[in-house]
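Chemist: So that you have it, the file is data35.cif, and it contains mmCIF, C-alpha atoms:
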```
data_protein
loop_
_atom_site.label_atom_id
_atom_site.label_comp_id
_atom_site.auth_asym_id
_atom_site.auth_seq_id
_atom_site.Cartn_x
_atom_site.Cartn_y
_atom_site.Cartn_z
CA MET X 580 -55.47 21.67 7.18
CA ARG X 581 -57.54 24.67 6.01
CA LEU X 582 -56.64 25.47 2.38
CA SER X 583 -58.56 28.63 1.58
CA PHE X 584 -57.34 31.11 -0.99
CA TYR X 585 -56.07 33.20 1.91
CA TYR X 586 -53.57 30.41 2.70
CA THR X 587 -52.44 29.33 -0.76
CA PRO X 588 -48.72 29.15 0.31
CA LEU X 589 -49.71 26.52 2.89
CA LEU X 590 -51.15 24.43 0.07
CA LEU X 591 -47.82 24.58 -1.74
CA ILE X 592 -45.86 23.63 1.36
CA TRP X 593 -48.18 20.68 1.87
CA LEU X 594 -47.99 19.53 -1.77
CA LEU X 595 -44.23 20.02 -2.03
CA LYS X 596 -43.28 18.58 1.36
CA GLY X 597 -40.10 16.56 1.08
CA LEU X 598 -39.30 17.83 -2.44
CA SER X 599 -36.31 19.45 -4.04
CA THR X 600 -36.87 20.57 -7.64
CA GLN X 601 -38.22 19.94 -11.19
CA ALA X 602 -40.53 20.87 -14.34
CA GLN X 603 -41.20 20.76 -18.20
CA THR X 604 -43.45 21.86 -21.13
CA ARG X 605 -46.81 20.55 -22.32
CA LEU X 606 -46.80 17.27 -20.44
CA GLN X 607 -49.95 15.18 -20.65
CA SER X 608 -49.46 12.94 -17.61
CA THR X 609 -47.33 12.24 -14.58
CA ASP X 610 -45.84 9.18 -16.26
CA GLU X 611 -44.77 11.26 -19.25
CA ALA X 612 -42.99 13.71 -16.94
CA ILE X 613 -41.23 10.86 -15.12
CA GLU X 614 -40.02 9.29 -18.38
CA LEU X 615 -38.69 12.62 -19.58
CA ALA X 616 -36.83 13.11 -16.29
CA LYS X 617 -35.26 9.66 -16.59
CA ARG X 618 -33.84 10.65 -19.97
CA ASN X 619 -32.79 14.23 -19.33
CA ASN X 620 -32.11 14.79 -15.64
CA LEU X 621 -28.44 15.74 -15.22
CA ASP X 622 -28.03 14.22 -11.75
CA LEU X 623 -29.22 10.91 -13.09
CA GLN X 624 -26.88 11.13 -16.07
CA ILE X 625 -23.95 11.75 -13.71
CA ALA X 626 -24.95 8.71 -11.63
CA ARG X 627 -25.00 6.54 -14.75
CA GLN X 628 -21.52 7.73 -15.70
CA THR X 629 -20.32 6.81 -12.22
CA THR X 630 -21.40 3.23 -12.89
CA GLN X 631 -19.13 3.23 -15.93
CA ILE X 632 -16.18 4.28 -13.78
CA GLN X 633 -16.87 1.41 -11.38
CA SER X 634 -16.90 -1.06 -14.28
CA TRP X 635 -13.31 -0.06 -15.02
CA ASN X 636 -12.42 -0.59 -11.36
CA LEU X 637 -13.73 -4.14 -11.74
CA THR X 638 -11.57 -4.63 -14.82
CA ALA X 639 -8.51 -3.45 -12.86
CA ALA X 640 -9.27 -5.85 -10.00
CA LYS X 641 -9.50 -8.78 -12.41
CA GLY X 642 -6.27 -7.71 -14.14
CA ALA X 643 -4.31 -7.93 -10.89
CA ARG X 644 -4.67 -11.73 -11.01
CA LEU X 645 -3.20 -12.01 -14.52
CA PRO X 646 0.51 -12.04 -15.48
CA GLN X 647 2.17 -8.63 -15.39
CA VAL X 648 5.05 -7.88 -17.78
CA ARG X 649 7.11 -4.72 -17.61
CA PHE X 650 10.27 -3.34 -19.13
CA THR X 651 12.77 -1.71 -16.77
CA THR X 652 15.99 0.16 -17.26
CA VAL X 653 18.36 1.57 -14.65
CA LEU X 654 21.38 3.84 -15.08
CA ASP X 655 23.76 3.99 -12.11
CA TYR X 656 26.62 6.43 -11.59
CA ASN X 657 28.85 5.29 -8.74
CA PHE X 658 30.60 8.50 -7.75
CA LEU X 659 32.30 6.64 -4.85
CA LEU X 660 33.30 3.07 -5.61
CA PRO X 661 33.65 0.49 -2.84
CA THR X 662 37.21 -0.51 -1.86
CA GLN X 663 38.67 -3.48 -0.03
CA LEU X 664 42.03 -4.26 1.59
CA ILE X 665 43.61 -7.45 0.20
CA PRO X 666 46.76 -9.11 1.75
CA ALA X 667 49.74 -8.03 -0.38
CA GLN X 668 51.23 -11.55 -0.32
CA PHE X 669 48.54 -12.62 -2.85
CA PHE X 670 50.16 -10.24 -5.30
CA GLY X 671 53.81 -11.10 -4.40
CA GLY X 672 54.14 -8.58 -1.64
CA LYS X 673 55.34 -8.95 1.91
CA GLU X 674 53.32 -10.75 4.49
CA GLY X 675 51.48 -8.40 6.80
CA GLU X 676 51.06 -5.70 4.16
CA PHE X 677 47.80 -4.89 2.37
CA ARG X 678 46.91 -3.57 -1.04
CA THR X 679 43.83 -1.41 -1.74
CA ILE X 680 41.49 -2.86 -4.34
CA GLN X 681 38.62 -0.93 -5.92
CA PHE X 682 35.53 -2.86 -7.05
CA GLY X 683 33.25 -1.96 -9.94
CA VAL X 684 33.19 0.83 -12.48
CA PRO X 685 31.53 4.27 -12.31
CA PHE X 686 28.83 3.67 -14.93
CA ASN X 687 26.33 0.80 -15.04
CA LEU X 688 23.36 0.46 -17.39
CA THR X 689 20.84 -2.33 -16.93
CA ALA X 690 17.87 -3.04 -19.19
CA GLY X 691 15.51 -5.98 -18.92
CA ILE X 692 12.04 -7.52 -18.90
CA GLU X 693 10.37 -8.71 -15.72
CA SER X 694 7.21 -10.78 -15.33
CA THR X 695 5.23 -11.75 -12.24
CA MET X 696 2.01 -13.68 -11.72
CA PRO X 697 0.22 -14.63 -8.52
CA LEU X 698 -0.28 -18.38 -8.16
CA TRP X 699 -2.26 -18.36 -4.95
CA ASN X 700 -3.48 -15.08 -3.47
CA VAL X 701 -6.93 -15.14 -1.91
CA GLY X 702 -6.71 -11.41 -1.21
CA LEU X 703 -6.64 -10.61 -4.93
CA LYS X 704 -9.56 -12.94 -5.58
CA GLN X 705 -11.47 -11.22 -2.82
CA ASP X 706 -10.67 -7.84 -4.40
CA VAL X 707 -12.55 -9.00 -7.49
CA ASN X 708 -15.56 -9.94 -5.35
CA ILE X 709 -15.41 -6.56 -3.63
CA ALA X 710 -15.21 -4.75 -6.98
CA GLN X 711 -18.26 -6.69 -8.19
CA ALA X 712 -20.13 -5.81 -5.00
CA ASN X 713 -19.14 -2.16 -5.47
CA GLN X 714 -20.40 -2.31 -9.04
CA LYS X 715 -23.78 -3.53 -7.81
CA VAL X 716 -23.89 -0.82 -5.13
CA VAL X 717 -23.18 1.93 -7.65
CA ASP X 718 -25.77 0.55 -10.07
CA LEU X 719 -28.37 0.47 -7.31
CA GLN X 720 -27.46 3.99 -6.19
CA ALA X 721 -28.38 5.15 -9.69
CA LEU X 722 -31.67 3.24 -9.41
CA VAL X 723 -32.38 4.79 -6.00
CA LEU X 724 -31.75 8.24 -7.45
CA GLN X 725 -34.09 7.39 -10.32
CA ASP X 726 -36.71 6.18 -7.86
CA ASP X 727 -36.41 9.34 -5.76
CA LEU X 728 -36.52 11.40 -8.93
CA SER X 729 -39.78 9.71 -9.95
CA THR X 730 -41.30 10.61 -6.59
CA GLN X 731 -40.13 14.22 -6.88
CA VAL X 732 -41.46 14.56 -10.42
CA ALA X 733 -44.82 13.08 -9.44
CA ARG X 734 -45.20 15.47 -6.52
CA LEU X 735 -44.06 18.49 -8.53
CA TYR X 736 -46.22 17.63 -11.51
CA LEU X 737 -49.34 17.31 -9.36
CA ALA X 738 -48.38 20.41 -7.36
CA THR X 739 -48.14 22.35 -10.62
CA VAL X 740 -51.49 20.99 -11.76
CA PHE X 741 -53.25 21.88 -8.51
CA THR X 742 -51.77 25.37 -8.29
CA GLN X 743 -52.91 25.83 -11.89
CA GLU X 744 -56.41 24.75 -10.89
CA TYR X 745 -56.34 27.01 -7.83
CA LEU X 746 -55.29 29.83 -10.12
CA ARG X 747 -58.34 29.20 -12.32
CA ILE X 748 -60.68 29.15 -9.33
CA THR X 749 -59.14 32.27 -7.82
CA GLN X 750 -59.55 34.08 -11.14
CA GLN X 751 -63.25 33.18 -11.05
CA ASN X 752 -63.48 34.34 -7.42
CA LEU X 753 -61.86 37.64 -8.41
CA ALA X 754 -64.33 38.05 -11.26
CA ASN X 755 -67.19 37.55 -8.80
CA ALA X 756 -65.58 40.00 -6.35
CA ASP X 757 -65.24 42.58 -9.14
CA SER X 758 -68.91 42.17 -9.97
CA ILE X 759 -69.89 42.61 -6.33
CA ALA X 760 -67.61 45.67 -6.01
CA ARG X 761 -69.23 47.33 -9.04
CA ILE X 762 -72.70 46.73 -7.65
CA ALA X 763 -71.64 48.07 -4.24
CA TRP X 764 -70.18 51.21 -5.83
CA VAL X 765 -73.46 51.89 -7.66
CA ARG X 766 -75.48 51.33 -4.48
CA LYS X 767 -73.16 53.55 -2.46
CA ASP X 768 -73.45 56.25 -5.10
CA LYS X 769 -77.23 56.05 -4.78
CA GLY X 770 -77.03 56.11 -0.99
CA LEU X 771 -78.39 52.59 -0.59
CA ILE X 772 -75.40 51.37 1.45
CA ASP X 773 -72.99 53.17 3.74
CA GLN X 774 -69.22 53.58 3.44
CA LEU X 775 -68.56 50.75 5.90
CA GLU X 776 -70.28 48.11 3.76
CA TYR X 777 -68.61 49.43 0.63
CA ASN X 778 -65.20 49.26 2.33
CA ARG X 779 -65.87 45.66 3.38
CA VAL X 780 -66.68 44.75 -0.23
CA ARG X 781 -63.48 46.38 -1.46
CA SER X 782 -61.44 44.71 1.29
CA THR X 783 -62.76 41.28 0.24
CA ARG X 784 -61.99 42.06 -3.38
CA LEU X 785 -58.39 43.08 -2.51
CA ALA X 786 -57.90 39.90 -0.51
CA VAL X 787 -59.03 37.80 -3.48
CA GLU X 788 -56.70 39.73 -5.80
CA ASP X 789 -53.77 39.16 -3.45
CA ALA X 790 -54.57 35.44 -3.37
CA LEU X 791 -54.57 35.44 -7.18
CA ARG X 792 -51.09 37.04 -7.29
CA GLN X 793 -49.82 34.50 -4.76
CA ASN X 794 -51.21 31.68 -6.87
CA GLU X 795 -49.60 33.09 -10.02
CA MET X 796 -46.23 33.25 -8.30
CA ALA X 797 -46.58 29.75 -6.85
CA TYR X 798 -47.65 28.30 -10.19
CA GLN X 799 -44.69 29.81 -12.04
CA LYS X 800 -42.27 28.59 -9.37
CA ASN X 801 -43.69 25.08 -9.55
CA LEU X 802 -43.48 25.11 -13.33
CA ASN X 803 -39.86 26.28 -13.25
CA GLN X 804 -38.95 23.63 -10.69
CA LEU X 805 -40.65 20.93 -12.75
CA ARG X 806 -38.67 21.99 -15.82
CA LEU X 807 -35.45 21.79 -13.84
CA VAL X 808 -36.14 18.27 -12.65
CA VAL X 809 -37.08 16.83 -16.00
CA GLY X 810 -34.08 18.53 -17.64
CA ASP X 811 -36.20 20.83 -19.84
CA SER X 812 -34.31 24.09 -19.34
CA THR X 813 -35.41 25.60 -22.69
CA ALA X 814 -39.19 25.13 -22.29
CA ARG X 815 -41.61 28.03 -22.45
CA THR X 816 -44.40 28.53 -19.92
CA SER X 817 -46.61 25.84 -21.42
CA PRO X 818 -48.54 24.22 -18.55
CA PRO X 819 -49.05 20.52 -17.91
CA ALA X 820 -52.44 19.18 -18.83
CA PRO X 821 -54.29 16.80 -16.53
CA LEU X 822 -57.58 17.65 -14.76
CA GLN X 823 -59.07 18.74 -18.08
CA LYS X 824 -62.43 17.23 -17.05
CA MET X 825 -62.43 19.54 -14.07
CA GLU X 826 -61.82 22.53 -16.34
CA ARG X 827 -64.94 21.52 -18.32
CA GLY X 828 -66.97 21.08 -15.17
CA GLU X 829 -67.03 17.26 -15.33
CA ILE X 830 -65.61 16.73 -11.86
CA THR X 831 -65.72 12.93 -11.74
CA PRO X 832 -62.12 11.70 -11.97
CA PHE X 833 -62.38 9.09 -9.18
CA PRO X 834 -66.06 8.57 -8.25
CA LYS X 835 -65.95 4.84 -7.50
CA TRP X 836 -62.53 4.39 -5.90
CA VAL X 837 -62.49 2.33 -2.74
CA GLY X 838 -58.76 1.69 -2.54
CA PRO X 839 -55.58 1.48 -4.59
CA SER X 840 -55.72 -0.88 -7.52
CA HIS X 841 -52.05 -1.65 -7.02
CA GLU X 842 -51.03 -3.02 -3.65
CA ARG X 843 -47.23 -2.87 -3.63
CA THR X 844 -44.72 -4.62 -1.41
CA GLY X 845 -41.09 -3.89 -0.60
CA ASP X 846 -39.78 -6.61 -2.93
CA GLY X 847 -37.54 -5.18 -5.60
CA VAL X 848 -37.49 -1.66 -4.13
CA PRO X 849 -34.18 0.00 -5.14
CA ARG X 850 -33.49 1.56 -1.74
CA LEU X 851 -33.87 -1.84 -0.02
CA GLN X 852 -31.82 -3.54 -2.71
CA LEU X 853 -29.12 -0.91 -2.18
CA ARG X 854 -28.98 -1.61 1.55
CA ALA X 855 -28.75 -5.34 0.84
CA ALA X 856 -25.92 -4.72 -1.64
CA GLN X 857 -24.10 -2.56 0.90
CA LEU X 858 -24.42 -5.38 3.42
CA SER X 859 -22.97 -7.83 0.90
CA LEU X 860 -20.08 -5.44 0.21
CA ALA X 861 -19.32 -5.09 3.92
CA GLN X 862 -19.34 -8.88 4.31
CA GLN X 863 -16.97 -9.25 1.35
CA GLN X 864 -14.59 -6.74 2.90
CA PHE X 865 -14.73 -8.63 6.21
CA THR X 866 -13.90 -11.86 4.38
CA LYS X 867 -10.96 -10.18 2.67
CA GLU X 868 -9.51 -8.92 5.95
CA GLN X 869 -9.69 -12.44 7.34
CA LYS X 870 -8.02 -13.99 4.29
CA LEU X 871 -5.15 -11.51 4.33
CA LYS X 872 -3.72 -13.58 7.20
CA LEU X 873 -3.08 -16.43 4.75
CA PRO X 874 0.25 -16.83 2.87
CA THR X 875 0.61 -15.81 -0.77
CA LEU X 876 2.54 -17.55 -3.53
CA SER X 877 3.68 -15.98 -6.80
CA VAL X 878 6.04 -16.79 -9.66
CA TYR X 879 8.46 -14.32 -11.15
CA ALA X 880 11.04 -14.19 -13.95
CA ARG X 881 13.54 -11.53 -14.95
CA LEU X 882 15.89 -11.28 -17.93
CA SER X 883 18.25 -8.33 -18.23
CA GLU X 884 21.42 -7.12 -19.91
CA GLN X 885 24.01 -5.05 -18.07
CA ALA X 886 26.82 -2.85 -19.32
CA GLN X 887 29.68 -1.65 -17.08
CA ARG X 888 31.84 1.23 -18.24
CA ASN X 889 34.63 3.40 -16.90
CA LYS X 890 33.44 6.12 -19.30
CA PHE X 891 29.99 7.11 -20.42
CA ASN X 892 30.11 5.32 -23.78
CA PHE X 893 27.13 2.97 -23.79
CA LEU X 894 26.59 3.52 -27.49
CA ASN X 895 29.83 1.74 -28.20
CA PHE X 896 28.48 -1.72 -28.96
CA ASN X 897 31.96 -3.20 -29.25
CA GLU X 898 32.14 -3.15 -25.48
CA PRO X 899 30.68 -6.26 -23.81
CA TRP X 900 27.22 -6.58 -22.27
CA PHE X 901 26.51 -9.16 -19.58
CA GLY X 902 23.27 -11.09 -19.37
CA ILE X 903 21.40 -11.85 -16.14
CA GLY X 904 18.43 -14.23 -15.94
CA VAL X 905 16.49 -15.37 -12.92
CA ALA X 906 13.19 -17.17 -12.27
CA GLY X 907 11.64 -18.41 -9.08
CA LEU X 908 8.78 -18.62 -6.61
CA ARG X 909 8.04 -16.13 -3.86
CA LEU X 910 6.21 -17.24 -0.73
CA GLU X 911 5.12 -14.59 1.73
CA VAL X 912 3.79 -15.54 5.15
CA PRO X 913 2.62 -12.75 7.49
CA ILE X 914 3.98 -13.39 10.98
CA TYR X 915 3.69 -10.17 12.93
CA THR X 916 1.80 -7.07 11.73
CA ALA X 917 1.73 -5.03 14.96
CA ARG X 918 -2.03 -5.76 15.30
CA ILE X 919 -2.76 -3.96 12.04
CA ARG X 920 -4.46 -7.07 10.66
CA GLU X 921 -6.52 -7.59 13.83
CA SER X 922 -7.73 -4.00 13.77
CA GLY X 923 -8.68 -4.33 10.09
CA ILE X 924 -10.73 -7.45 10.82
CA ALA X 925 -12.46 -5.77 13.76
CA ARG X 926 -13.36 -2.69 11.71
CA ALA X 927 -14.71 -4.81 8.85
CA ARG X 928 -16.81 -6.90 11.23
CA ILE X 929 -18.37 -3.81 12.81
CA ASN X 930 -19.05 -2.31 9.38
CA ALA X 931 -20.86 -5.51 8.40
CA GLU X 932 -22.96 -5.35 11.58
CA ILE X 933 -23.81 -1.70 10.86
CA ALA X 934 -24.84 -2.57 7.30
CA GLN X 935 -27.10 -5.34 8.63
CA ARG X 936 -28.85 -2.94 11.01
CA GLN X 937 -29.18 -0.31 8.28
CA LEU X 938 -30.92 -2.85 6.07
CA GLU X 939 -33.34 -3.79 8.84
CA ASN X 940 -34.00 -0.14 9.66
CA GLU X 941 -34.59 0.74 6.00
CA GLN X 942 -37.10 -2.10 5.70
CA ARG X 943 -39.01 -0.83 8.74
CA LYS X 944 -39.01 2.73 7.37
CA PHE X 945 -40.25 1.57 3.99
CA ASP X 946 -43.04 -0.52 5.52
CA THR X 947 -44.11 2.38 7.76
CA GLU X 948 -44.07 4.92 4.91
CA THR X 949 -46.04 2.59 2.67
CA GLN X 950 -48.60 1.99 5.41
CA ASP X 951 -48.94 5.75 5.96
CA LEU X 952 -49.51 6.28 2.24
CA ARG X 953 -52.20 3.57 2.19
CA ILE X 954 -53.92 5.05 5.25
CA GLY X 955 -53.86 8.53 3.69
CA TYR X 956 -55.10 7.18 0.39
CA HIS X 957 -58.02 5.18 1.83
CA GLN X 958 -59.08 8.05 4.09
CA ALA X 959 -59.06 10.53 1.20
CA ALA X 960 -60.78 8.11 -1.19
CA ARG X 961 -63.62 7.54 1.29
CA SER X 962 -64.37 11.27 1.60
CA LEU X 963 -63.62 12.32 -1.98
CA GLN X 964 -67.11 11.83 -3.42
CA VAL X 965 -68.76 13.59 -0.47
CA ASN X 966 -66.44 16.58 -0.79
CA GLN X 967 -66.94 16.58 -4.55
CA GLU X 968 -70.71 16.85 -4.17
CA ALA X 969 -70.28 19.57 -1.53
CA TYR X 970 -68.00 21.47 -3.89
CA GLN X 971 -70.52 21.30 -6.72
CA LEU X 972 -73.31 22.47 -4.41
CA SER X 973 -71.17 25.34 -3.09
CA GLU X 974 -70.41 26.49 -6.63
CA GLU X 975 -74.13 26.45 -7.43
CA ASN X 976 -74.96 28.28 -4.20
CA LEU X 977 -72.33 30.93 -4.93
CA GLN X 978 -73.85 31.64 -8.33
CA LEU X 979 -77.33 31.86 -6.82
CA ALA X 980 -76.07 34.17 -4.05
CA LEU X 981 -74.43 36.41 -6.65
CA ILE X 982 -77.71 36.66 -8.56
CA LYS X 983 -79.65 37.42 -5.39
CA TYR X 984 -77.18 40.08 -4.27
CA LYS X 985 -77.36 41.72 -7.69
CA GLY X 986 -81.14 41.62 -7.40
CA GLY X 987 -81.02 43.25 -3.98
CA VAL X 988 -82.77 40.38 -2.18
CA MET X 989 -79.66 39.32 -0.23
CA SER X 990 -77.47 41.41 2.04
CA TYR X 991 -73.73 41.52 1.69
CA ASP X 992 -73.26 39.63 4.97
CA GLN X 993 -75.45 36.83 3.65
CA TYR X 994 -73.50 36.75 0.38
CA LEU X 995 -70.19 36.74 2.27
CA ASN X 996 -71.33 33.74 4.31
CA VAL X 997 -72.12 31.82 1.13
CA PHE X 998 -68.81 32.94 -0.38
CA ASN X 999 -66.82 31.69 2.63
CA GLU X 1000 -68.72 28.40 2.60
CA ALA X 1001 -67.81 28.01 -1.07
CA LEU X 1002 -64.15 28.68 -0.30
CA ASN X 1003 -64.20 26.09 2.45
CA ALA X 1004 -65.79 23.52 0.11
CA GLN X 1005 -63.22 24.29 -2.58
CA ASN X 1006 -60.38 23.77 -0.15
CA LYS X 1007 -61.75 20.51 1.22
CA TYR X 1008 -62.39 19.07 -2.20
CA PHE X 1009 -59.02 19.95 -3.70
CA ARG X 1010 -57.16 18.87 -0.57
CA THR X 1011 -58.92 15.50 -0.69
CA LEU X 1012 -58.40 15.15 -4.43
CA ALA X 1013 -54.70 15.97 -4.03
CA ASP X 1014 -54.41 13.37 -1.25
CA VAL X 1015 -55.96 10.72 -3.47
CA MET X 1016 -53.91 11.49 -6.56
CA ILE X 1017 -50.55 11.97 -4.83
CA ASN X 1018 -50.83 8.98 -2.50
CA ASP X 1019 -52.08 6.78 -5.32
CA LYS X 1020 -49.17 7.76 -7.59
CA LEU X 1021 -46.61 7.31 -4.79
CA LEU X 1022 -48.01 3.87 -4.00
CA GLU X 1023 -47.79 3.00 -7.68
CA LEU X 1024 -44.14 4.05 -7.77
CA ARG X 1025 -43.29 1.77 -4.82
CA ARG X 1026 -42.71 -1.26 -6.98
#
```
Translate the structure described by the file into structure tokens.

Modeler:
Amino acid sequence: MRLSFYYTPLLLIWLLKGLSTQAQTRLQSTDEAIELAKRNNLDLQIARQTTQIQSWNLTAAKGARLPQVRFTTVLDYNFLLPTQLIPAQFFGGKEGEFRTIQFGVPFNLTAGIESTMPLWNVGLKQDVNIAQANQKVVDLQALVLQDDLSTQVARLYLATVFTQEYLRITQQNLANADSIARIAWVRKDKGLIDQLEYNRVRSTRLAVEDALRQNEMAYQKNLNQLRLVVGDSTARTSPPAPLQKMERGEITPFPKWVGPSHERTGDGVPRLQLRAAQLSLAQQQFTKEQKLKLPTLSVYARLSEQAQRNKFNFLNFNEPWFGIGVAGLRLEVPIYTARIRESGIARARINAEIAQRQLENEQRKFDTETQDLRIGYHQAARSLQVNQEAYQLSEENLQLALIKYKGGVMSYDQYLNVFNEALNAQNKYFRTLADVMINDKLLELRR
């Protein structure tokens, strides 16, 4: 990709590809920015709070297997009481006649304590396993977000650094263009050059100035995005500070690199661990659906007091209360569920198969992405030193061409050729340097 100052937005698109947001104050390194984001990023804080919610879900699942005790009270008003016909001869009447008998009283108040506890319920035990699996999934989701956040911060930090460096170089290019424009104006005033050459000089100068404004805008946007990601919303426009050697002219950050010093594998990668945890959760849910076909056994006990009144006078404690106590076992055996159970088992089995394929697919994606990063890194590292030397030579040639043009021994076309060669060398070097630094940092983050 050509990355001349005329195409600075393309550089930003390339550096920020696959990013969302983020930025902070006077950061000294990528690692410092990542650590700050881990502490302050609001999305990550929300994810951590979600893990706390899931821990309470696990507590609730465990509590379902323990004894449950509750107090109940019921007030009944029987506005129509049941009646029954009784043979009158039981009350001294004639045979064949009946007397109407009314049962119960209008007002009934019952208060009591009831306790239940499952003795054998594999479904409840499986709920605990599912809650534990969910807890692991939520924890890993937070780690995946943290891992993605680290990648975003690394990209944004380096994008900010490189746009800052491009800004410095473009400022120097504009200073050179101003110098050339002043010389051209003097020569035009003396009749040494025509209007066409003077217009070309001014056009080049305007193009460099426009590139500078584009770089300023891009740099500020990157800085604002970096602040957002690391959670530093109150920071001033204090820039990050790597590449200081480059600012002093000592352009030797990676002269002897032949490959990454950290070859990473997929072991322990949060996104793969998350897929594995999701597979385990799906398998636990499948196991639960299967075990719901088994019978359940529970014990229960209930003790209550009941008052029956013709009038609403329950506060009259001289009236009798009647006690009721019961204890027993409850066995429930599912016989026919209208294929609800079969459909639940089928859905859970398919979900488990999907989770298995997602894990395999995620592993392939991770391996492919890592291989692409290594290829990009090695290719950039091999050409970095060559492009660095070409960049230094182009800077030297540009200064010599400027001196010669000022001295009148070089035409503007010759100077412009040297200038364009210098731009091309700048673009190649910084593109290669960005490839090395970004791919190296991303490989390092793939722990």

Chemist: Please evaluate the PyMOL selection byres ((chain X and resi 952-956) around 9) against the structure above and give the resulting residues as an MDAnalysis selection string.

Modeler: chainID X and resid 838:839 842 947:951 957:961 1014:1019 1021:1022

Chemist: Closest to Leu753 of chain X among X:Glu975, X:Glu788, X:Asp622, X:Asp706, using only C-alpha atoms?

Modeler: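 Answer, going by the shortest atom-to-atom distance: X:Glu788.
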
Chemist: I would like the residues chosen by the PyMOL selection byres ((chain X and resi 856-871) around 6) on the shown file; could you give them as a PDB file with C-alpha atoms, keeping the file's coordinate frame?

Modeler:
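Generated output (part09.pdb):
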```
ATOM      1  CA  GLY X 702      -6.710 -11.410  -1.210  1.00  0.00           C
ATOM      2  CA  GLN X 705     -11.470 -11.220  -2.820  1.00  0.00           C
ATOM      3  CA  ILE X 709     -15.410  -6.560  -3.630  1.00  0.00           C
ATOM      4  CA  ALA X 712     -20.130  -5.810  -5.000  1.00  0.00           C
ATOM      5  CA  VAL X 716     -23.890  -0.820  -5.130  1.00  0.00           C
ATOM      6  CA  LEU X 853     -29.120  -0.910  -2.180  1.00  0.00           C
ATOM      7  CA  ARG X 854     -28.980  -1.610   1.550  1.00  0.00           C
ATOM      8  CA  ALA X 855     -28.750  -5.340   0.840  1.00  0.00           C
ATOM      9  CA  LYS X 872      -3.720 -13.580   7.200  1.00  0.00           C
ATOM     10  CA  LEU X 873      -3.080 -16.430   4.750  1.00  0.00           C
ATOM     11  CA  ILE X 924     -10.730  -7.450  10.820  1.00  0.00           C
ATOM     12  CA  ALA X 927     -14.710  -4.810   8.850  1.00  0.00           C
ATOM     13  CA  ARG X 928     -16.810  -6.900  11.230  1.00  0.00           C
ATOM     14  CA  ALA X 931     -20.860  -5.510   8.400  1.00  0.00           C
ATOM     15  CA  ALA X 934     -24.840  -2.570   7.300  1.00  0.00           C
ATOM     16  CA  GLN X 935     -27.100  -5.340   8.630  1.00  0.00           C
TER      17      GLN X 935
END
```

Chemist: Once the PyMOL selection byres ((chain X and resi 880-882) around 9) has been evaluated on this model, what residues remain selected, and can you format them as a ChimeraX atom specification?

Modeler: /X:690-695,878-879,883-884,902-908

Chemist: State, in Å with one decimal place, the distance from atom CA of Gln978 of chain X to atom CA of Leu1002 of chain X.

Modeler: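 Atom-to-atom, atom CA of Gln978 of chain X and atom CA of Leu1002 of chain X are spaced 12.9 Å apart.
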
Chemist: Just give me the gap between atom CA of Lys1020 of chain X and atom CA of Arg618 of chain X in Å, one decimal is fine.

Modeler: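 About the pair atom CA of Lys1020 of chain X and atom CA of Arg618 of chain X: they are 19.9 Å apart.
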
Chemist: Please measure the separation of atom CA of Leu623 of chain X and atom CA of Leu728 of chain X, giving the value in Å to one decimal.

Modeler: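 Taking atom CA of Leu623 of chain X as the start and atom CA of Leu728 of chain X as the end point, the length is 8.4 Å.
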
Chemist: The residues within 12 Å of (-66.0, 47.5, 0.1), using only C-alpha atoms and the coordinates of the file, should be reported as a VMD selection string; which are they?

Modeler: chain X and resid 756 to 767 772 to 786 991 to 992 995

Chemist: Can you list, as a PyMOL selection string, every protein, DNA or RNA residue that comes within 7 Å of Gln887 of chain X when you count all atoms listed in the file, leaving out same-chain residues fewer than 3 positions away?

Modeler: chain X and resi 684+686-688
